[in-house]
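Next comes start-v3.csv, with CSV, C-alpha atoms.
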chain,number,residue,atom,x,y,z
V,1,MET,CA,166.8,108.3,137.5
V,2,SER,CA,164.0,106.0,136.9
V,3,ARG,CA,163.8,102.2,137.3
V,4,SER,CA,162.5,99.7,134.8
V,5,TRP,CA,161.2,96.2,135.3
V,6,SER,CA,159.8,93.8,132.9
V,7,TRP,CA,157.9,90.5,133.0
V,8,GLY,CA,155.1,88.7,131.1
V,9,THR,CA,156.6,88.3,127.7
V,10,PRO,CA,160.0,87.4,126.4
V,11,TRP,CA,160.2,90.7,124.6
V,12,GLY,CA,160.0,93.0,127.6
V,13,PRO,CA,163.3,92.1,129.2
V,14,ARG,CA,165.0,92.0,125.7
V,15,ILE,CA,163.9,95.6,125.1
V,16,ALA,CA,164.9,96.7,128.6
V,17,LEU,CA,168.3,95.2,128.3
V,18,SER,CA,169.0,96.9,125.0
V,19,SER,CA,168.0,100.3,126.3
V,20,ASP,CA,170.9,102.7,126.6
V,21,SER,CA,168.8,105.6,128.0
V,22,ARG,CA,170.5,107.6,130.7
V,23,ARG,CA,167.1,108.0,132.3
V,24,VAL,CA,167.1,104.4,133.5
V,25,GLY,CA,169.4,103.8,136.4
V,26,ARG,CA,168.2,100.5,137.6
V,27,GLN,CA,166.5,97.4,136.1
V,28,VAL,CA,164.7,94.5,137.9
V,29,LEU,CA,164.3,91.7,135.4
V,30,VAL,CA,161.9,88.9,136.3
V,31,SER,CA,162.4,85.6,134.5
V,32,PRO,CA,164.0,87.6,131.7
V,33,GLY,CA,163.7,86.3,128.1
V,34,GLY,CA,166.4,87.5,125.7
V,35,LEU,CA,169.3,86.0,127.6
V,36,THR,CA,168.8,82.4,126.7
V,37,ARG,CA,166.3,80.4,124.7
V,38,LEU,CA,163.0,79.5,126.3
V,39,ARG,CA,162.7,75.9,127.4
V,40,LEU,CA,159.7,74.1,125.9
V,41,THR,CA,159.0,70.8,127.6
V,42,PRO,CA,156.3,68.5,126.4
V,43,ALA,CA,154.0,69.7,129.2
V,44,VAL,CA,154.5,73.4,128.2
V,45,VAL,CA,154.0,72.6,124.5
V,46,ALA,CA,150.8,70.6,125.2
V,47,ALA,CA,149.3,73.4,127.4
V,48,SER,CA,150.4,76.1,125.0
V,49,ALA,CA,148.9,74.3,122.0
V,50,ALA,CA,145.6,73.7,123.8
V,51,TRP,CA,145.5,77.4,124.8
V,52,VAL,CA,146.1,78.6,121.2
V,53,LEU,CA,143.7,76.1,119.6
V,54,ARG,CA,140.8,76.1,122.1
V,55,ARG,CA,141.0,79.7,123.3
V,56,SER,CA,138.8,78.9,126.3
V,57,PRO,CA,139.0,79.6,130.0
V,58,ALA,CA,139.8,75.9,130.7
V,59,ALA,CA,142.8,76.0,128.3
V,60,SER,CA,144.0,79.3,129.8
V,61,ALA,CA,143.8,77.9,133.3
V,62,GLY,CA,145.7,74.9,132.2
V,63,LEU,CA,148.5,76.9,130.7
V,64,LEU,CA,148.7,79.2,133.8
V,65,ARG,CA,148.8,76.1,136.1
V,66,THR,CA,151.8,74.9,134.0
V,67,MET,CA,153.5,78.2,134.5
V,68,HIS,CA,152.9,78.5,138.2
V,69,GLY,CA,155.1,77.1,140.9
V,70,PRO,CA,153.9,74.5,143.4
V,71,GLY,CA,151.0,75.5,145.6
V,72,HIS,CA,149.9,78.4,143.4
V,73,THR,CA,146.6,78.6,141.6
V,74,PRO,CA,145.8,81.1,138.8
V,75,ARG,CA,143.3,83.8,139.8
V,76,GLN,CA,140.1,84.0,137.8
V,77,LEU,CA,141.0,87.5,136.6
V,78,VAL,CA,144.3,86.3,135.1
V,79,VAL,CA,142.5,83.3,133.5
V,80,ASP,CA,140.0,85.7,131.9
V,81,TRP,CA,142.8,87.9,130.7
V,82,MET,CA,144.7,85.0,129.2
V,83,THR,CA,141.5,83.9,127.4
V,84,LEU,CA,141.1,87.3,125.9
V,85,VAL,CA,144.7,87.2,124.8
V,86,ALA,CA,144.2,83.8,123.2
V,87,LYS,CA,141.1,85.1,121.3
V,88,HIS,CA,142.4,88.4,120.1
V,89,VAL,CA,146.2,88.3,119.9
V,90,ARG,CA,148.7,86.1,118.1
V,91,THR,CA,151.6,85.4,120.3
V,92,SER,CA,155.2,85.8,119.1
V,93,THR,CA,158.0,83.2,119.3
V,94,ASP,CA,161.1,83.3,121.4
V,95,PRO,CA,162.8,86.7,120.7
V,96,GLY,CA,166.3,85.3,120.6
V,97,LYS,CA,169.2,86.9,122.4
V,98,ALA,CA,169.1,90.5,123.5
V,99,ARG,CA,171.6,93.1,122.5
V,100,ILE,CA,172.9,94.3,125.9
V,101,ALA,CA,173.3,98.1,126.1
V,102,ALA,CA,176.9,99.2,126.4
V,103,ARG,CA,176.4,101.4,129.4
V,104,ASP,CA,176.3,100.1,132.9
V,105,VAL,CA,173.0,99.8,134.7
V,106,ASP,CA,172.3,98.5,138.2
V,107,ARG,CA,170.5,95.3,137.5
V,108,SER,CA,168.8,92.6,139.5
V,109,VAL,CA,167.5,89.3,138.0
V,110,LEU,CA,164.9,87.3,139.8
V,111,VAL,CA,163.9,83.8,138.7
V,112,GLY,CA,161.6,81.3,140.3
V,113,ASP,CA,163.1,77.9,141.2
V,114,HIS,CA,160.2,76.3,139.3
V,115,ASP,CA,160.2,78.4,136.2
V,116,VAL,CA,159.2,76.1,133.3
V,117,PHE,CA,160.4,78.5,130.5
V,118,LEU,CA,163.6,79.8,132.0
V,119,PRO,CA,164.8,77.2,134.5
V,120,VAL,CA,167.5,78.3,137.0
V,121,ARG,CA,170.0,75.7,135.7
V,122,ALA,CA,169.8,77.3,132.2
V,123,LEU,CA,169.3,81.0,133.1
V,124,ALA,CA,171.8,81.4,136.0
V,125,PRO,CA,175.0,80.7,134.1
V,126,THR,CA,173.8,83.0,131.3
V,127,VAL,CA,173.0,85.8,133.8
V,128,ARG,CA,176.5,85.4,135.3
V,129,ASP,CA,178.3,85.4,132.0
V,130,THR,CA,176.2,88.1,130.2
V,131,LEU,CA,175.4,90.5,133.0
V,132,GLY,CA,178.1,89.7,135.6
V,133,ILE,CA,175.6,89.3,138.4
V,134,GLU,CA,174.2,86.5,140.4
V,135,PRO,CA,170.4,85.9,139.9
V,136,GLN,CA,168.2,85.9,142.9
V,137,ILE,CA,166.4,82.5,143.1
V,138,VAL,CA,162.9,82.8,144.5
V,139,PRO,CA,161.7,79.6,146.2
V,140,SER,CA,158.4,78.1,145.3
V,141,ALA,CA,157.9,80.5,142.4
V,142,GLY,CA,157.3,79.6,138.8
V,143,HIS,CA,157.3,81.8,135.7
V,144,LEU,CA,154.5,84.0,137.0
V,145,MET,CA,156.4,85.5,140.0
V,146,ILE,CA,154.4,88.7,140.0
V,147,GLU,CA,151.3,86.7,140.8
V,148,GLU,CA,153.0,84.3,143.2
V,149,GLN,CA,155.4,86.5,145.1
V,150,PRO,CA,154.3,90.1,144.7
V,151,ALA,CA,155.9,91.2,148.0
V,152,ARG,CA,159.3,89.7,147.0
V,153,LEU,CA,159.0,91.5,143.6
V,154,ALA,CA,158.1,94.8,145.3
V,155,SER,CA,161.0,94.5,147.7
V,156,ALA,CA,163.4,93.9,144.8
V,157,CYS,CA,162.1,96.9,142.9
V,158,LEU,CA,162.4,99.2,146.0
V,159,GLY,CA,165.7,97.8,147.2
How does this structure look as structure tokens?
Amino acid sequence: MSRSWSWGTPWGPRIALSSDSRRVGRQVLVSPGGLTRLRLTPAVVAASAAWVLRRSPAASAGLLRTMHGPGHTPRQLVVDWMTLVAKHVRTSTDPGKARIAARDVDRSVLVGDHDVFLPVRALAPTVRDTLGIEPQIVPSAGHLMIEEQPARLASACLG
């Protein structure tokens, strides 16, 4: 059996959750979209609008700083990548709720305690009600947990 994990866009977890492939025996979902609507605070909207309109490294860094947890700074490589995305890709909107596959899959959900798009207080009850599991709350992590807490993510994937 293989494992699947998803992060980075609200669509990845939505697709993973709807998969009924027997080849997937375990899923690690990181800040998963598709379970509840994304939260858009004024700070997130302002940073996102600047990123879409300016398409510059400064705007990319600003959006990434908004998405990071406290004490984390975006790496230049990620800033450059986000700038390329802004210049060459049109982002999608919130994907809405996922259709959860009927078959049982061993799942883990990780969410940063400073996630601006999917805050714990909104995501945790939905994870409990929809998937029947308790999400793992990662201290000092924001929405970009793979950047901020790679060892924690690796441990969850291997465990």
**Fill in**
Across V:His114, V:Asp129, V:Leu35, V:Arg14, the smallest distance to V:His72, with all atoms listed in the file counted, is shown by V:His114
**Request:** Enter the distance from atom CA of V:Leu118 to atom CA of V:Arg99, in Å, rounded to one decimal.
**Result:**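 Spanning atom CA of V:Leu118 to atom CA of V:Arg99 is a straight-line distance of 18.2 Å.
What separates atom CA of V:Trp51 from atom CA of V:Leu63 is a distance of 6.6 Å.
Between atom CA of V:His143 and atom CA of V:Val30 lies a distance of 8.5 Å.
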**Message:** Env of stretch 147-149 of chain V: 8 Å cut, atoms = only C-alpha atoms, seq-sep filter 3 positions within chain, self excluded. Answer as a list in words.
**Reply:**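 The neighbour list is His68, Gly69, His72, Ala141, Gly142, Leu144, Arg152 and Leu153 of chain V.
Closest approach to V:Arg39 among V:Pro119, V:Pro139, V:Pro125, V:Gly71: V:Pro119, based on all atoms listed in the file.
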**Request:** Find the residues around stretch 73-79 of chain V up to 8 Å (all atoms listed in the file counted), leave out those fewer than 3 positions away in its own chain, and share them as a ChimeraX atom specification.
**Result:** /V:57,60-61,64-65,68,82-83
**Asked** Pick the closest to V:Leu40 from V:Met145, V:Ile100, V:Val109, V:Met67: which is it, counting all atoms listed in the file?
**Response**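 That would be V:Met67, the residue with the smallest distance to V:Leu40.
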**Request:** Can you pull out every residue within 10 Å of V:Ala98, counting only C-alpha atoms, but drop anything in the same chain fewer than 2 positions away, and send it as a PyMOL selection string?
**Result:** chain V and resi 11+13-18+33-36+95-96+100-101
Store the residues picked out above, limited to C-alpha atoms, as an mmCIF file, keeping the file's coordinate frame.
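This went into result22.cif:
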data_model
loop_
_atom_site.group_PDB
_atom_site.id
_atom_site.type_symbol
_atom_site.label_atom_id
_atom_site.label_comp_id
_atom_site.auth_asym_id
_atom_site.auth_seq_id
_atom_site.Cartn_x
_atom_site.Cartn_y
_atom_site.Cartn_z
ATOM 1 C CA TRP V 11 160.200 90.700 124.600
ATOM 2 C CA PRO V 13 163.300 92.100 129.200
ATOM 3 C CA ARG V 14 165.000 92.000 125.700
ATOM 4 C CA ILE V 15 163.900 95.600 125.100
ATOM 5 C CA ALA V 16 164.900 96.700 128.600
ATOM 6 C CA LEU V 17 168.300 95.200 128.300
ATOM 7 C CA SER V 18 169.000 96.900 125.000
ATOM 8 C CA GLY V 33 163.700 86.300 128.100
ATOM 9 C CA GLY V 34 166.400 87.500 125.700
ATOM 10 C CA LEU V 35 169.300 86.000 127.600
ATOM 11 C CA THR V 36 168.800 82.400 126.700
ATOM 12 C CA PRO V 95 162.800 86.700 120.700
ATOM 13 C CA GLY V 96 166.300 85.300 120.600
ATOM 14 C CA ILE V 100 172.900 94.300 125.900
ATOM 15 C CA ALA V 101 173.300 98.100 126.100
#
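The smallest atom-to-atom distance between V:Ser19 and any of V:Glu134, V:Asp80, V:Asp115, V:Asp104, using all atoms listed in the file, is found for V:Asp104.
Among V:Leu38, V:Leu110, V:Val28, V:Leu53, the residue with the shortest atom-to-atom distance to V:Arg90, counting only C-alpha atoms, is V:Leu53.
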**Asked** Which of these residues is nearest to V:Ala122, using all atoms listed in the file: V:Arg37, V:Arg107, V:Arg55, V:Lys97?
**Response**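 Residue with the minimum atom-to-atom distance to V:Ala122: V:Arg37.
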